[in-house]
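A short write-up of the structure that comes next.
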Amino acid sequence: MKQLSSGTTFFNKRIFPAVWFGGVIFIWLSAAFIMFLNRRIAEEGVMVLVIPIIMMGFGFIFFKILFANTVDKAMYDEESILITSKGKEIRIPFLNIDHIEYVNNRPPKLDITLYCSDPELGKVISVLVKSCNVFLPKHPDVVEFLEVFQKNRYRTSKD
């Protein structure tokens, strides 16, 4: 089996949000503590307390949109894709996949739409895939996976 998902998925889903929210909470607590020591809340002081809360709100929405429905790991072979999400492994045959869309964001991802909704993953599965530089838009492993999928999507296991 070949790995399709990016090696930075764990960092993007777990570590970066913890650093982001931890940093914003640290700034908020520091500002609140300094204001408490000075025993005054001026007009600027209220903004110092409000801006980190707004940053946390934007961060929550940002992480929810980008990383909430992404899987932890994805591997593939000639007939199926093996998805690991929340500690569970689910094998999805290519026959159950309706289509695959490559989204060239940073980080790039594949949106895999299933014919029937999976009870644990839903109808659309997002996989953060390996990225390349600006001059090579798709990683060679992603191109190979898309070719394998197109070649074998209608093949049954008896063929």
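Ligands are numbered from 1 in the order shown, chains are lettered A, B, ... in the order of the structure tokens, and residues start at 1 in each chain.
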
query: Could you pull the residues within 10 Å of stretch 64-69 of chain A, counting only C-alpha atoms, minus those fewer than 5 positions along the same chain, as an MDAnalysis selection string?
result: chainID A and resid 9 12:14 17 58:59 85 105:107 109 121:122 124:128

message: as a PyMOL selection string, please: the residues near A:Ile92 (cut-off 8 Å, only C-alpha atoms, same-chain neighbours under 2 positions excluded).
response: chain A and resi 80-83+90+94+96-97

Hey, can you spit out that residue selection with C-alpha atoms as a PDB file, in the first residue's frame?
ATOM      1  CA  SER A  80      -9.278   0.319  -2.639  1.00  0.00           C
ATOM      2  CA  ILE A  81      -8.313   3.127  -0.337  1.00  0.00           C
ATOM      3  CA  LEU A  82      -7.660   2.547   3.367  1.00  0.00           C
ATOM      4  CA  ILE A  83      -8.792   5.453   5.538  1.00  0.00           C
ATOM      5  CA  ILE A  90     -12.036   1.732   7.000  1.00  0.00           C
ATOM      6  CA  PHE A  94     -12.953   2.137  -5.681  1.00  0.00           C
ATOM      7  CA  ASN A  96     -17.963   2.814  -3.874  1.00  0.00           C
ATOM      8  CA  ILE A  97     -16.345   6.125  -4.876  1.00  0.00           C
TER       9      ILE A  97
END

- prompt: Which of these, A:Pro93, A:Gly22, A:Pro108, A:Pro119, has the shortest distance to A:Met56 once you count only C-alpha atoms?
  reply: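 Closest to A:Met56 of all the choices is A:Gly22.
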
field: Proximity to A:Leu114 - best of A:Asp141, A:Val129, A:Leu95, A:Met75, only C-alpha atoms
entry: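 Closest candidate: A:Leu95.
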
Could you list, as a CSV table (one decimal) with N, CA and C atoms, in the first residue's frame, every residue within 12 Å of A:Ile53, counting only C-alpha atoms and ignoring same-chain residues fewer than 4 positions away?
chain,number,residue,atom,x,y,z
A,21,PHE,N,-4.3,28.5,19.7
A,21,PHE,CA,-5.2,28.8,20.7
A,21,PHE,C,-4.5,29.0,22.1
A,23,GLY,N,-1.4,30.3,22.3
A,23,GLY,CA,-0.8,31.6,22.2
A,23,GLY,C,-1.8,32.7,22.4
A,24,VAL,N,-3.0,32.6,21.8
A,24,VAL,CA,-4.0,33.6,22.0
A,24,VAL,C,-4.5,33.7,23.4
A,25,ILE,N,-4.7,32.5,24.1
A,25,ILE,CA,-5.1,32.5,25.5
A,25,ILE,C,-4.0,33.1,26.4
A,26,PHE,N,-2.8,32.8,26.1
A,26,PHE,CA,-1.7,33.4,26.8
A,26,PHE,C,-1.7,34.9,26.7
A,27,ILE,N,-1.8,35.4,25.5
A,27,ILE,CA,-1.9,36.9,25.3
A,27,ILE,C,-3.1,37.5,26.1
A,28,TRP,N,-4.2,36.8,26.0
A,28,TRP,CA,-5.4,37.3,26.7
A,28,TRP,C,-5.2,37.3,28.2
A,29,LEU,N,-4.7,36.2,28.7
A,29,LEU,CA,-4.5,36.2,30.2
A,29,LEU,C,-3.4,37.2,30.6
A,46,VAL,N,-10.1,47.5,26.9
A,46,VAL,CA,-11.2,46.7,26.5
A,46,VAL,C,-10.8,46.1,25.2
A,47,MET,N,-10.2,46.8,24.3
A,47,MET,CA,-9.9,46.3,23.0
A,47,MET,C,-8.8,45.2,23.1
A,48,VAL,N,-7.9,45.4,24.0
A,48,VAL,CA,-6.9,44.4,24.2
A,48,VAL,C,-7.5,43.1,24.7
A,49,LEU,N,-8.6,43.1,25.4
A,49,LEU,CA,-9.3,41.9,25.8
A,49,LEU,C,-10.2,41.3,24.8
A,57,GLY,N,-12.2,33.3,17.7
A,57,GLY,CA,-13.4,33.0,16.9
A,57,GLY,C,-13.0,32.7,15.4
A,58,PHE,N,-12.2,33.6,14.9
A,58,PHE,CA,-11.7,33.4,13.5
A,58,PHE,C,-10.9,32.1,13.4
A,59,GLY,N,-10.1,31.9,14.3
A,59,GLY,CA,-9.3,30.6,14.3
A,59,GLY,C,-10.1,29.4,14.4
A,60,PHE,N,-11.2,29.4,15.2
A,60,PHE,CA,-12.1,28.3,15.3
A,60,PHE,C,-12.8,28.0,14.0

- prompt: Taking only C-alpha atoms into account, which of A:Trp20, A:Phe145, A:Phe36, A:Phe11 comes nearest A:Met55?
  reply: A:Trp20

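Atom CA of A:Tyr102 to atom CA of A:Val19 spans 28.3 Å [interatomic distance, one decimal].
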
Sel. of alpha helix (DSSP H) residues, chain A, as a PyMOL selection string: chain A and resi 9-10+16-38+43-67+140-152

Using the selection just defined, write its residues with C-alpha atoms as a PDB file, in the first residue's frame.
ATOM      1  CA  THR A   9      -1.597  16.060   8.686  1.00  0.00           C
ATOM      2  CA  PHE A  10      -0.998  15.453  12.398  1.00  0.00           C
ATOM      3  CA  PHE A  16      -0.901  24.002  15.069  1.00  0.00           C
ATOM      4  CA  PRO A  17      -4.388  24.621  16.550  1.00  0.00           C
ATOM      5  CA  ALA A  18      -3.037  23.944  20.049  1.00  0.00           C
ATOM      6  CA  VAL A  19      -0.203  26.441  19.506  1.00  0.00           C
ATOM      7  CA  TRP A  20      -2.613  28.989  17.999  1.00  0.00           C
ATOM      8  CA  PHE A  21      -5.222  28.823  20.748  1.00  0.00           C
ATOM      9  CA  GLY A  22      -2.593  28.471  23.458  1.00  0.00           C
ATOM     10  CA  GLY A  23      -0.817  31.597  22.227  1.00  0.00           C
ATOM     11  CA  VAL A  24      -4.016  33.607  21.981  1.00  0.00           C
ATOM     12  CA  ILE A  25      -5.125  32.510  25.461  1.00  0.00           C
ATOM     13  CA  PHE A  26      -1.671  33.387  26.836  1.00  0.00           C
ATOM     14  CA  ILE A  27      -1.898  36.882  25.316  1.00  0.00           C
ATOM     15  CA  TRP A  28      -5.426  37.332  26.675  1.00  0.00           C
ATOM     16  CA  LEU A  29      -4.479  36.184  30.179  1.00  0.00           C
ATOM     17  CA  SER A  30      -1.358  38.371  30.171  1.00  0.00           C
ATOM     18  CA  ALA A  31      -3.354  41.436  29.169  1.00  0.00           C
ATOM     19  CA  ALA A  32      -6.044  40.685  31.751  1.00  0.00           C
ATOM     20  CA  PHE A  33      -3.419  40.205  34.475  1.00  0.00           C
ATOM     21  CA  ILE A  34      -1.646  43.471  33.627  1.00  0.00           C
ATOM     22  CA  MET A  35      -4.961  45.321  33.615  1.00  0.00           C
ATOM     23  CA  PHE A  36      -5.846  43.741  36.955  1.00  0.00           C
ATOM     24  CA  LEU A  37      -2.509  44.846  38.443  1.00  0.00           C
ATOM     25  CA  ASN A  38      -2.985  48.397  37.178  1.00  0.00           C
ATOM     26  CA  GLU A  43     -10.872  52.149  26.324  1.00  0.00           C
ATOM     27  CA  GLU A  44      -7.689  50.604  24.925  1.00  0.00           C
ATOM     28  CA  GLY A  45      -7.769  47.933  27.613  1.00  0.00           C
ATOM     29  CA  VAL A  46     -11.165  46.691  26.523  1.00  0.00           C
ATOM     30  CA  MET A  47      -9.885  46.271  22.968  1.00  0.00           C
ATOM     31  CA  VAL A  48      -6.854  44.378  24.243  1.00  0.00           C
ATOM     32  CA  LEU A  49      -9.251  41.902  25.824  1.00  0.00           C
ATOM     33  CA  VAL A  50     -11.695  41.767  22.900  1.00  0.00           C
ATOM     34  CA  ILE A  51      -9.232  41.310  20.016  1.00  0.00           C
ATOM     35  CA  PRO A  52      -7.860  37.923  21.248  1.00  0.00           C
ATOM     36  CA  ILE A  53     -11.437  36.666  21.614  1.00  0.00           C
ATOM     37  CA  ILE A  54     -12.138  37.699  18.020  1.00  0.00           C
ATOM     38  CA  MET A  55      -8.902  35.975  16.947  1.00  0.00           C
ATOM     39  CA  MET A  56     -10.034  32.790  18.699  1.00  0.00           C
ATOM     40  CA  GLY A  57     -13.383  32.974  16.891  1.00  0.00           C
ATOM     41  CA  PHE A  58     -11.733  33.393  13.485  1.00  0.00           C
ATOM     42  CA  GLY A  59      -9.257  30.632  14.326  1.00  0.00           C
ATOM     43  CA  PHE A  60     -12.071  28.278  15.316  1.00  0.00           C
ATOM     44  CA  ILE A  61     -13.941  28.922  12.062  1.00  0.00           C
ATOM     45  CA  PHE A  62     -10.714  28.613  10.034  1.00  0.00           C
ATOM     46  CA  PHE A  63      -9.729  25.268  11.590  1.00  0.00           C
ATOM     47  CA  LYS A  64     -13.296  23.970  11.394  1.00  0.00           C
ATOM     48  CA  ILE A  65     -13.486  24.695   7.666  1.00  0.00           C
ATOM     49  CA  LEU A  66     -10.020  23.386   6.773  1.00  0.00           C
ATOM     50  CA  PHE A  67      -9.376  20.469   9.082  1.00  0.00           C
ATOM     51  CA  PRO A 140       3.649  12.678  -8.292  1.00  0.00           C
ATOM     52  CA  ASP A 141       2.055  10.350  -5.699  1.00  0.00           C
ATOM     53  CA  VAL A 142      -1.276  12.154  -6.068  1.00  0.00           C
ATOM     54  CA  VAL A 143      -1.088  11.958  -9.864  1.00  0.00           C
ATOM     55  CA  GLU A 144      -0.308   8.229  -9.603  1.00  0.00           C
ATOM     56  CA  PHE A 145      -3.259   7.674  -7.251  1.00  0.00           C
ATOM     57  CA  LEU A 146      -5.652   9.472  -9.602  1.00  0.00           C
ATOM     58  CA  GLU A 147      -4.397   7.348 -12.514  1.00  0.00           C
ATOM     59  CA  VAL A 148      -4.797   4.117 -10.503  1.00  0.00           C
ATOM     60  CA  PHE A 149      -8.290   5.206  -9.490  1.00  0.00           C
ATOM     61  CA  GLN A 150      -9.327   5.999 -13.073  1.00  0.00           C
ATOM     62  CA  LYS A 151      -7.893   2.720 -14.347  1.00  0.00           C
ATOM     63  CA  ASN A 152      -9.434   0.486 -11.667  1.00  0.00           C
TER      64      ASN A 152
END

message: Quick check, in Å to one decimal: how far apart do atom CA of A:Asn104 and atom CA of A:Lys123 lie?
response: 20.5 Å

field: Computed interatomic separation between atom CA of A:Tyr115 and atom CA of A:His99 (Å)
entry: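 Atom-to-atom, atom CA of A:Tyr115 to atom CA of A:His99, that is 8.6 Å.
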
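Distances here use only C-alpha atoms; by that measure, the residue among A:Lys73, A:Lys130, A:His139, A:Arg91 closest to A:Asp118 is A:Arg91.
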
Give the strand (DSSP E) residues of stretch 50-108 of chain A, as assigned by DSSP on the backbone, as a PDB file with N, CA and C atoms, in the first residue's frame.
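Listed below is the output, part_9.pdb:
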ATOM      1  N   LYS A  73      -5.166   9.556   8.091  1.00  0.00           N
ATOM      2  CA  LYS A  73      -4.225   8.883   7.206  1.00  0.00           C
ATOM      3  C   LYS A  73      -4.993   8.208   6.081  1.00  0.00           C
ATOM      4  N   ALA A  74      -4.407   8.184   4.896  1.00  0.00           N
ATOM      5  CA  ALA A  74      -5.014   7.501   3.753  1.00  0.00           C
ATOM      6  C   ALA A  74      -3.928   6.766   2.989  1.00  0.00           C
ATOM      7  N   MET A  75      -4.206   5.499   2.685  1.00  0.00           N
ATOM      8  CA  MET A  75      -3.297   4.670   1.894  1.00  0.00           C
ATOM      9  C   MET A  75      -4.135   3.989   0.810  1.00  0.00           C
ATOM     10  N   TYR A  76      -3.497   3.622  -0.289  1.00  0.00           N
ATOM     11  CA  TYR A  76      -4.248   2.999  -1.379  1.00  0.00           C
ATOM     12  C   TYR A  76      -3.460   1.861  -2.005  1.00  0.00           C
ATOM     13  N   SER A  80      -8.570  -0.401  -3.690  1.00  0.00           N
ATOM     14  CA  SER A  80      -9.278   0.319  -2.639  1.00  0.00           C
ATOM     15  C   SER A  80      -8.388   1.370  -1.994  1.00  0.00           C
ATOM     16  N   ILE A  81      -9.022   2.137  -1.137  1.00  0.00           N
ATOM     17  CA  ILE A  81      -8.313   3.127  -0.337  1.00  0.00           C
ATOM     18  C   ILE A  81      -8.584   2.805   1.132  1.00  0.00           C
ATOM     19  N   LEU A  82      -7.547   2.843   1.941  1.00  0.00           N
ATOM     20  CA  LEU A  82      -7.660   2.547   3.367  1.00  0.00           C
ATOM     21  C   LEU A  82      -7.593   3.867   4.128  1.00  0.00           C
ATOM     22  N   ILE A  83      -8.670   4.193   4.803  1.00  0.00           N
ATOM     23  CA  ILE A  83      -8.792   5.453   5.538  1.00  0.00           C
ATOM     24  C   ILE A  83      -8.650   5.178   7.024  1.00  0.00           C
ATOM     25  N   THR A  84      -7.804   5.939   7.689  1.00  0.00           N
ATOM     26  CA  THR A  84      -7.681   5.880   9.140  1.00  0.00           C
ATOM     27  C   THR A  84      -8.146   7.213   9.694  1.00  0.00           C
ATOM     28  N   SER A  85      -9.183   7.150  10.531  1.00  0.00           N
ATOM     29  CA  SER A  85      -9.726   8.368  11.121  1.00  0.00           C
ATOM     30  C   SER A  85     -10.217   8.063  12.524  1.00  0.00           C
ATOM     31  N   LYS A  88      -9.865   4.472  13.809  1.00  0.00           N
ATOM     32  CA  LYS A  88     -10.536   3.375  13.118  1.00  0.00           C
ATOM     33  C   LYS A  88     -10.078   3.317  11.676  1.00  0.00           C
ATOM     34  N   GLU A  89      -9.863   2.102  11.180  1.00  0.00           N
ATOM     35  CA  GLU A  89      -9.478   1.900   9.795  1.00  0.00           C
ATOM     36  C   GLU A  89     -10.682   1.424   8.994  1.00  0.00           C
ATOM     37  N   ILE A  90     -10.913   2.078   7.864  1.00  0.00           N
ATOM     38  CA  ILE A  90     -12.036   1.732   7.000  1.00  0.00           C
ATOM     39  C   ILE A  90     -11.501   1.577   5.586  1.00  0.00           C
ATOM     40  N   ARG A  91     -11.763   0.418   4.985  1.00  0.00           N
ATOM     41  CA  ARG A  91     -11.344   0.166   3.605  1.00  0.00           C
ATOM     42  C   ARG A  91     -12.522   0.473   2.690  1.00  0.00           C
ATOM     43  N   ILE A  92     -12.283   1.331   1.706  1.00  0.00           N
ATOM     44  CA  ILE A  92     -13.325   1.727   0.765  1.00  0.00           C
ATOM     45  C   ILE A  92     -12.900   1.286  -0.632  1.00  0.00           C
ATOM     46  N   PRO A  93     -13.633   0.344  -1.234  1.00  0.00           N
ATOM     47  CA  PRO A  93     -13.301  -0.077  -2.603  1.00  0.00           C
ATOM     48  C   PRO A  93     -13.540   1.074  -3.586  1.00  0.00           C
ATOM     49  N   ILE A  97     -16.706   4.710  -4.763  1.00  0.00           N
ATOM     50  CA  ILE A  97     -16.345   6.125  -4.876  1.00  0.00           C
ATOM     51  C   ILE A  97     -16.991   6.708  -6.128  1.00  0.00           C
ATOM     52  N   ASP A  98     -17.756   7.769  -5.944  1.00  0.00           N
ATOM     53  CA  ASP A  98     -18.418   8.447  -7.055  1.00  0.00           C
ATOM     54  C   ASP A  98     -17.404   9.259  -7.857  1.00  0.00           C
ATOM     55  N   HIS A  99     -16.744  10.196  -7.208  1.00  0.00           N
ATOM     56  CA  HIS A  99     -15.704  10.970  -7.885  1.00  0.00           C
ATOM     57  C   HIS A  99     -14.728  11.552  -6.868  1.00  0.00           C
ATOM     58  N   ILE A 100     -13.592  12.000  -7.397  1.00  0.00           N
ATOM     59  CA  ILE A 100     -12.534  12.579  -6.570  1.00  0.00           C
ATOM     60  C   ILE A 100     -12.203  13.950  -7.132  1.00  0.00           C
ATOM     61  N   GLU A 101     -12.165  14.930  -6.245  1.00  0.00           N
ATOM     62  CA  GLU A 101     -11.838  16.294  -6.662  1.00  0.00           C
ATOM     63  C   GLU A 101     -10.549  16.738  -5.972  1.00  0.00           C
ATOM     64  N   TYR A 102      -9.611  17.225  -6.756  1.00  0.00           N
ATOM     65  CA  TYR A 102      -8.355  17.755  -6.215  1.00  0.00           C
ATOM     66  C   TYR A 102      -8.539  19.239  -5.957  1.00  0.00           C
ATOM     67  N   VAL A 103      -8.347  19.658  -4.700  1.00  0.00           N
ATOM     68  CA  VAL A 103      -8.481  21.059  -4.319  1.00  0.00           C
ATOM     69  C   VAL A 103      -7.077  21.592  -4.050  1.00  0.00           C
TER      70      VAL A 103
END

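With only C-alpha atoms as the atoms that count, the minimum distance from A:Val71 to the choices A:Cys116, A:Leu4, A:Ile15, A:Cys132 is reached by A:Leu4.
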